[in-house]
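Inspection log for the structure reproduced underneath, given as structure tokens.
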Amino acid sequence: MTRNFSILPVLLVLAIISLPLCLMYLSLVIDSFTNAPGGSLIPDEVTLEHWRFLVDPTLVGNVWVSTFYTVVYAVALVAVVVSLAATGGYALSRLNLPFRRMFLGGVLIMHGFPAVTLIIGMFLVLQFIGLYDTLAGIVLVRAALTLPLAIWVMKGFYDSVPWEIEMAGIQDGASRFTVWRRLILPQVKPGLIAITVLAFIDAWGEFVIPRVLAPTTDFEVLSVFLEGISIPDSVEYNFDIYKAVGLYYTLPVLILFLIFQNRLMNIFGGGTKG
């Protein structure tokens, strides 16, 4: 198969567009490990002084406690989203449910609303059910906002799995649940991995929901922790330490994306055939 055009101009355009972002991240790394003047790309003196917050809680606070609560928040969100999307996507793909098309349309519309536009309604609901200012409350709210996309992704994967696989299992005497668990789920494993990574990244980078719907609890996720130390008017404010904390906060997401980037692209490929 011959190419109709050279890919080099496309790569050149993408490189030019990405250059400011790359320079920004490079400056962030340099400033957090050196004493170079702010914004300088030329290292001055290499030091780990700005990373003392990892061992000295008195510097900016206990970052490990915030990391723990962020991991708990992310893992809980992944568990809720993956379990509901895996079962809900299968039901919408395989079962002849009443008002199925209307429900699918409603799920898609729900995904189109930004979290900020729903914050008042979510606040009132959480207060009514007694989950305002709790970890469980913000997990349920974030799950409700992440589920529409996850359900649509899983439905697409289930749609691409041939019916013959399922029918063969049923004819052999297996129950519908056994067929789903042992025959269908392995076919849609790329979709499960993709929504797991997306849900984890959503939780790790979430700021508005924990900040607004859980403002006074003892747990504090890293995004709120980072916002709490960004006080430029403070006499003790150290912008290099702030950059180091920001890099610490960003690294897990970057590593996760680099590991699973090919899996994330499988969202557009559907389930495994055959």
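Just so we're on the same page: first chain in the structure tokens is A, next is B, and so on; residues restart at 1 for each chain, and ligands are numbered from 1 in the order they show up.
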
Near Leu28 in chain A, within 12 Å and counting only C-alpha atoms, which residues show up once chain neighbours fewer than 2 positions away are dropped, as a PyMOL selection string?
-> chain A and resi 21-26+30-41+43+50+239-248+250-251

Generate the output file for the selected residues, N, CA, C and O atoms, as a CSV table (one decimal), in the first residue's frame.
chain,number,residue,atom,x,y,z
A,21,LEU,N,4.0,23.6,24.9
A,21,LEU,CA,3.6,22.7,26.0
A,21,LEU,C,4.9,21.9,26.5
A,21,LEU,O,5.1,21.8,27.7
A,22,CYS,N,5.7,21.5,25.5
A,22,CYS,CA,6.9,20.8,25.9
A,22,CYS,C,7.9,21.7,26.7
A,22,CYS,O,8.5,21.3,27.7
A,23,LEU,N,8.0,22.9,26.2
A,23,LEU,CA,8.8,23.9,26.9
A,23,LEU,C,8.3,24.2,28.3
A,23,LEU,O,9.1,24.3,29.3
A,24,MET,N,7.0,24.2,28.5
A,24,MET,CA,6.4,24.5,29.8
A,24,MET,C,6.8,23.3,30.7
A,24,MET,O,7.2,23.6,31.9
A,25,TYR,N,6.6,22.1,30.3
A,25,TYR,CA,6.9,20.9,31.1
A,25,TYR,C,8.4,20.9,31.4
A,25,TYR,O,8.9,20.5,32.5
A,26,LEU,N,9.2,21.2,30.4
A,26,LEU,CA,10.7,21.2,30.6
A,26,LEU,C,11.1,22.3,31.7
A,26,LEU,O,11.9,22.0,32.6
A,30,ILE,N,13.0,21.6,35.3
A,30,ILE,CA,14.2,22.3,35.6
A,30,ILE,C,14.1,23.1,36.9
A,30,ILE,O,14.9,23.1,37.8
A,31,ASP,N,13.0,23.8,37.0
A,31,ASP,CA,12.8,24.7,38.2
A,31,ASP,C,12.6,23.9,39.5
A,31,ASP,O,13.0,24.4,40.6
A,32,SER,N,12.1,22.7,39.4
A,32,SER,CA,11.9,21.9,40.6
A,32,SER,C,13.1,21.2,41.1
A,32,SER,O,13.2,20.7,42.2
A,33,PHE,N,14.1,21.1,40.2
A,33,PHE,CA,15.4,20.4,40.5
A,33,PHE,C,16.6,21.3,40.6
A,33,PHE,O,17.7,20.8,40.8
A,34,THR,N,16.4,22.6,40.3
A,34,THR,CA,17.5,23.5,40.3
A,34,THR,C,17.1,24.8,41.0
A,34,THR,O,15.9,25.0,41.4
A,35,ASN,N,18.1,25.7,41.2
A,35,ASN,CA,17.9,27.0,41.8
A,35,ASN,C,17.9,28.1,40.7
A,35,ASN,O,18.3,29.2,40.9
A,36,ALA,N,17.6,27.7,39.4
A,36,ALA,CA,17.7,28.6,38.3
A,36,ALA,C,16.6,29.6,38.5
A,36,ALA,O,15.6,29.4,39.1
A,37,PRO,N,16.9,30.8,37.9
A,37,PRO,CA,15.8,31.9,38.0
A,37,PRO,C,14.5,31.4,37.3
A,37,PRO,O,14.6,30.6,36.4
A,38,GLY,N,13.4,31.9,37.8
A,38,GLY,CA,12.1,31.4,37.2
A,38,GLY,C,12.0,31.6,35.7
A,38,GLY,O,12.3,32.7,35.2
A,39,GLY,N,11.6,30.6,35.0
A,39,GLY,CA,11.4,30.7,33.6
A,39,GLY,C,12.6,30.4,32.8
A,39,GLY,O,12.6,30.3,31.6
A,40,SER,N,13.8,30.2,33.5
A,40,SER,CA,15.0,29.9,32.7
A,40,SER,C,15.1,28.4,32.4
A,40,SER,O,14.8,27.6,33.2
A,41,LEU,N,15.6,28.1,31.2
A,41,LEU,CA,15.8,26.8,30.7
A,41,LEU,C,17.2,26.3,31.0
A,41,LEU,O,17.5,25.2,30.6
A,43,PRO,N,19.9,25.3,33.6
A,43,PRO,CA,20.1,24.9,35.0
A,43,PRO,C,21.2,25.7,35.7
A,43,PRO,O,22.2,26.0,35.0
A,50,HIS,N,13.8,21.5,46.9
A,50,HIS,CA,12.4,21.8,46.6
A,50,HIS,C,11.5,20.5,46.8
A,50,HIS,O,10.3,20.6,46.8
A,239,PHE,N,7.7,29.4,45.1
A,239,PHE,CA,7.1,29.0,43.8
A,239,PHE,C,7.8,27.7,43.3
A,239,PHE,O,7.2,26.8,42.6
A,240,ASP,N,9.1,27.5,43.6
A,240,ASP,CA,9.8,26.3,43.2
A,240,ASP,C,9.2,25.0,43.9
A,240,ASP,O,9.1,24.0,43.3
A,241,ILE,N,8.9,25.2,45.1
A,241,ILE,CA,8.3,24.1,45.9
A,241,ILE,C,6.9,23.8,45.3
A,241,ILE,O,6.5,22.6,45.1
A,242,TYR,N,6.2,24.8,45.0
A,242,TYR,CA,4.9,24.6,44.3
A,242,TYR,C,5.0,23.8,43.0
A,242,TYR,O,4.2,23.0,42.7
A,243,LYS,N,6.0,24.2,42.3
A,243,LYS,CA,6.3,23.4,41.0
A,243,LYS,C,6.6,22.0,41.3
A,243,LYS,O,6.2,21.1,40.5
A,244,ALA,N,7.4,21.8,42.3
A,244,ALA,CA,7.8,20.4,42.6
A,244,ALA,C,6.6,19.6,43.0
A,244,ALA,O,6.4,18.4,42.6
A,245,VAL,N,5.7,20.1,43.8
A,245,VAL,CA,4.5,19.5,44.2
A,245,VAL,C,3.6,19.2,43.0
A,245,VAL,O,3.0,18.1,42.9
A,246,GLY,N,3.5,20.2,42.1
A,246,GLY,CA,2.8,20.0,40.9
A,246,GLY,C,3.3,18.9,40.0
A,246,GLY,O,2.5,18.1,39.4
A,247,LEU,N,4.6,18.8,39.9
A,247,LEU,CA,5.2,17.7,39.2
A,247,LEU,C,5.0,16.4,39.8
A,247,LEU,O,4.7,15.4,39.1
A,248,TYR,N,5.0,16.3,41.1
A,248,TYR,CA,4.7,15.1,41.9
A,248,TYR,C,3.3,14.7,41.6
A,248,TYR,O,3.0,13.5,41.4
A,250,THR,N,1.5,15.4,38.9
A,250,THR,CA,1.3,15.1,37.5
A,250,THR,C,1.9,13.8,37.1
A,250,THR,O,1.4,13.1,36.2
A,251,LEU,N,3.0,13.4,37.7
A,251,LEU,CA,3.8,12.3,37.2
A,251,LEU,C,3.0,11.0,37.1
A,251,LEU,O,3.1,10.2,36.1

So which residues of range 58-273 of chain A fall under helix (DSSP H, G or I) by DSSP, listed as a ChimeraX atom specification?
-> /A:58-60,63-94,100-111,115-129,135-159,163-171,176-205,208-213,222-228,239-268

Take CA of Phe225 in chain A and CA of Val60 in chain A and report the distance between them in Å, one decimal.
->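 Separation between CA of Phe225 in chain A and CA of Val60 in chain A: 9.0 Å.
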
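Using only C-alpha atoms, the smallest distance between any of A:Leu135, A:Val46, A:Val224, A:Leu256 and Glu206 in chain A comes from A:Val224.
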
Within 10 Å of Trp180 in chain A using only C-alpha atoms, minus same-chain residues under 6 positions, as a PDB file with C-alpha atoms, in the first residue's frame:
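That gives us around_30.pdb:
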ATOM      1  CA  ALA A  86     -19.522  -3.426  32.226  1.00  0.00           C
ATOM      2  CA  THR A  87     -22.997  -4.613  33.178  1.00  0.00           C
ATOM      3  CA  TYR A  90     -23.967  -5.323  28.107  1.00  0.00           C
ATOM      4  CA  GLU A 166     -22.870 -16.056  23.176  1.00  0.00           C
ATOM      5  CA  GLY A 169     -22.267 -20.876  25.283  1.00  0.00           C
ATOM      6  CA  ALA A 174     -24.213 -22.184  30.488  1.00  0.00           C
ATOM      7  CA  PRO A 186     -12.516 -11.528  27.683  1.00  0.00           C
ATOM      8  CA  GLN A 187     -13.552 -10.212  24.254  1.00  0.00           C
TER       9      GLN A 187
END

For Leu192 in chain A, please output as a ChimeraX atom specification all residues within 10 Å (counting only C-alpha atoms; exclusion window: fewer than 2 positions along the same chain).
-> /A:82-83,85-86,150,153-154,157,185-190,194-198,263-264,267

Within 8 Å of range 67-70 of chain A, counting only C-alpha atoms, which residues show up once you throw out same-chain ones fewer than 2 positions away? Write them as a ChimeraX atom specification, please.
-> /A:63-65,72-74,203-204,219-222

Suppose we keep C-alpha atoms; can you now write the selection as a PDB file, in the first residue's frame?
ATOM      1  CA  VAL A  63       1.434  15.237  51.064  1.00  0.00           C
ATOM      2  CA  TRP A  64       1.314  11.491  51.767  1.00  0.00           C
ATOM      3  CA  VAL A  65      -2.050  11.745  53.516  1.00  0.00           C
ATOM      4  CA  VAL A  72      -8.748   5.802  47.670  1.00  0.00           C
ATOM      5  CA  TYR A  73     -10.980   8.237  45.770  1.00  0.00           C
ATOM      6  CA  ALA A  74      -9.628   7.084  42.390  1.00  0.00           C
ATOM      7  CA  ALA A 203     -10.563  11.060  39.672  1.00  0.00           C
ATOM      8  CA  TRP A 204      -6.884  11.986  39.951  1.00  0.00           C
ATOM      9  CA  PHE A 219      -9.667  13.957  53.833  1.00  0.00           C
ATOM     10  CA  GLU A 220      -8.070  16.150  51.204  1.00  0.00           C
ATOM     11  CA  VAL A 221      -7.201  15.023  47.681  1.00  0.00           C
ATOM     12  CA  LEU A 222      -4.028  16.195  45.971  1.00  0.00           C
TER      13      LEU A 222
END

Would you mind telling me which residue in A:Gly121, A:Gly137, A:Pro148, A:Gly228 lies nearest to Pro210 in chain A when using only C-alpha atoms?
->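 Nearest to Pro210 in chain A: A:Gly137.
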
Considering only C-alpha atoms, state which residue in the set A:Val161, A:Ile151, A:Ile42, A:Leu108 is at the smallest distance from Leu92 in chain A.
->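 Using only C-alpha atoms, the shortest distance to Leu92 in chain A belongs to A:Ile151.
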
Tell me which protein, DNA and RNA residues are within 12 Å of Phe113 in chain A, counting only C-alpha atoms, leaving out same-chain ones fewer than 3 positions away, and put them as an NGL selection string.
-> :A and (106-110 or 116-119 or 144-146 or 148-149)

Written selection (C-alpha atoms) as an mmCIF file, in the first residue's frame:
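This went into again-v2.cif:
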data_model
loop_
_atom_site.group_PDB
_atom_site.id
_atom_site.type_symbol
_atom_site.label_atom_id
_atom_site.label_comp_id
_atom_site.auth_asym_id
_atom_site.auth_seq_id
_atom_site.Cartn_x
_atom_site.Cartn_y
_atom_site.Cartn_z
ATOM 1 C CA GLY A 106 -30.573 10.474 27.840
ATOM 2 C CA VAL A 107 -27.211 8.976 28.801
ATOM 3 C CA LEU A 108 -25.532 10.813 25.928
ATOM 4 C CA ILE A 109 -27.192 14.111 26.868
ATOM 5 C CA MET A 110 -26.069 13.632 30.473
ATOM 6 C CA VAL A 116 -19.977 23.101 36.999
ATOM 7 C CA THR A 117 -23.496 23.495 35.570
ATOM 8 C CA LEU A 118 -24.775 20.651 37.778
ATOM 9 C CA ILE A 119 -22.991 21.586 40.996
ATOM 10 C CA ALA A 144 -22.509 9.687 37.737
ATOM 11 C CA LEU A 145 -20.617 12.116 35.499
ATOM 12 C CA THR A 146 -18.137 9.515 34.208
ATOM 13 C CA PRO A 148 -22.304 7.978 30.465
ATOM 14 C CA LEU A 149 -19.100 7.884 28.432
#

Residues of range 126-162 of chain A at most 12 Å from range 211-216 of chain A: nearest atom pair and distance in Å, only C-alpha atoms, as JSON lines:
{"residue": "A:Leu126", "atom": "CA", "partner": "A:Leu213", "partner_atom": "CA", "distance": 8.3}
{"residue": "A:Gln127", "atom": "CA", "partner": "A:Leu213", "partner_atom": "CA", "distance": 9.5}
{"residue": "A:Gly130", "atom": "CA", "partner": "A:Leu213", "partner_atom": "CA", "distance": 11.9}
{"residue": "A:Leu131", "atom": "CA", "partner": "A:Leu213", "partner_atom": "CA", "distance": 9.3}
{"residue": "A:Tyr132", "atom": "CA", "partner": "A:Leu213", "partner_atom": "CA", "distance": 6.2}
{"residue": "A:Asp133", "atom": "CA", "partner": "A:Ala214", "partner_atom": "CA", "distance": 3.8}
{"residue": "A:Thr134", "atom": "CA", "partner": "A:Ala214", "partner_atom": "CA", "distance": 6.0}
{"residue": "A:Leu135", "atom": "CA", "partner": "A:Ala214", "partner_atom": "CA", "distance": 7.4}
{"residue": "A:Ala136", "atom": "CA", "partner": "A:Ala214", "partner_atom": "CA", "distance": 10.0}
{"residue": "A:Gly137", "atom": "CA", "partner": "A:Leu213", "partner_atom": "CA", "distance": 7.9}
{"residue": "A:Ile138", "atom": "CA", "partner": "A:Leu213", "partner_atom": "CA", "distance": 6.7}
{"residue": "A:Val139", "atom": "CA", "partner": "A:Leu213", "partner_atom": "CA", "distance": 10.5}
{"residue": "A:Leu140", "atom": "CA", "partner": "A:Leu213", "partner_atom": "CA", "distance": 11.3}
{"residue": "A:Val141", "atom": "CA", "partner": "A:Leu213", "partner_atom": "CA", "distance": 9.2}
{"residue": "A:Arg142", "atom": "CA", "partner": "A:Leu213", "partner_atom": "CA", "distance": 10.8}

Got time to write the residues from that selection, N, CA and C atoms, as a compact mmCIF listing (two decimals), in the first residue's frame?
# COMPACT_ATOMS: atom_id res chain seq x y z
N LEU A 126 -27.02 15.66 47.51
CA LEU A 126 -26.16 15.10 48.55
C LEU A 126 -26.61 15.52 49.94
N GLN A 127 -27.06 16.75 50.09
CA GLN A 127 -27.58 17.18 51.39
C GLN A 127 -28.84 16.40 51.77
N GLY A 130 -27.88 12.88 52.81
CA GLY A 130 -26.95 12.83 53.93
C GLY A 130 -25.52 12.48 53.55
N LEU A 131 -25.13 12.69 52.30
CA LEU A 131 -23.77 12.36 51.87
C LEU A 131 -22.95 13.59 51.52
N TYR A 132 -23.46 14.76 51.86
CA TYR A 132 -22.67 15.97 51.62
C TYR A 132 -21.47 16.00 52.57
N ASP A 133 -20.33 16.42 52.04
CA ASP A 133 -19.10 16.50 52.82
C ASP A 133 -18.59 15.12 53.23
N THR A 134 -18.79 14.12 52.37
CA THR A 134 -18.27 12.77 52.62
C THR A 134 -17.54 12.28 51.38
N LEU A 135 -16.64 11.33 51.59
CA LEU A 135 -15.92 10.74 50.47
C LEU A 135 -16.85 9.95 49.57
N ALA A 136 -17.80 9.22 50.18
CA ALA A 136 -18.76 8.45 49.40
C ALA A 136 -19.58 9.35 48.49
N GLY A 137 -19.93 10.53 48.98
CA GLY A 137 -20.74 11.45 48.19
C GLY A 137 -20.02 11.92 46.94
N ILE A 138 -18.76 12.32 47.06
CA ILE A 138 -18.04 12.81 45.87
C ILE A 138 -17.71 11.67 44.91
N VAL A 139 -17.54 10.44 45.45
CA VAL A 139 -17.33 9.29 44.56
C VAL A 139 -18.57 9.04 43.72
N LEU A 140 -19.74 9.09 44.34
CA LEU A 140 -20.99 8.86 43.61
C LEU A 140 -21.25 9.95 42.58
N VAL A 141 -20.96 11.19 42.93
CA VAL A 141 -21.17 12.30 42.00
C VAL A 141 -20.24 12.17 40.80
N ARG A 142 -18.95 11.93 41.05
CA ARG A 142 -18.01 11.79 39.94
C ARG A 142 -18.33 10.57 39.08

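Taking only C-alpha atoms into account, Met122 in chain A lies nearest to A:Ile209 out of the set A:Tyr249, A:Ala15, A:Ile209, A:Ala79.
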
Suppose you want the space between CA of Asp159 in chain A and CA of Ile184 in chain A; what is it in Å?
-> 10.8 Å

Which of A:Phe177, A:Asn238, A:Val71, A:Ile201 sits closest to Trp51 in chain A [using only C-alpha atoms] =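 Ranking A:Phe177, A:Asn238, A:Val71, A:Ile201 by distance to Trp51 in chain A, first place goes to A:Asn238.
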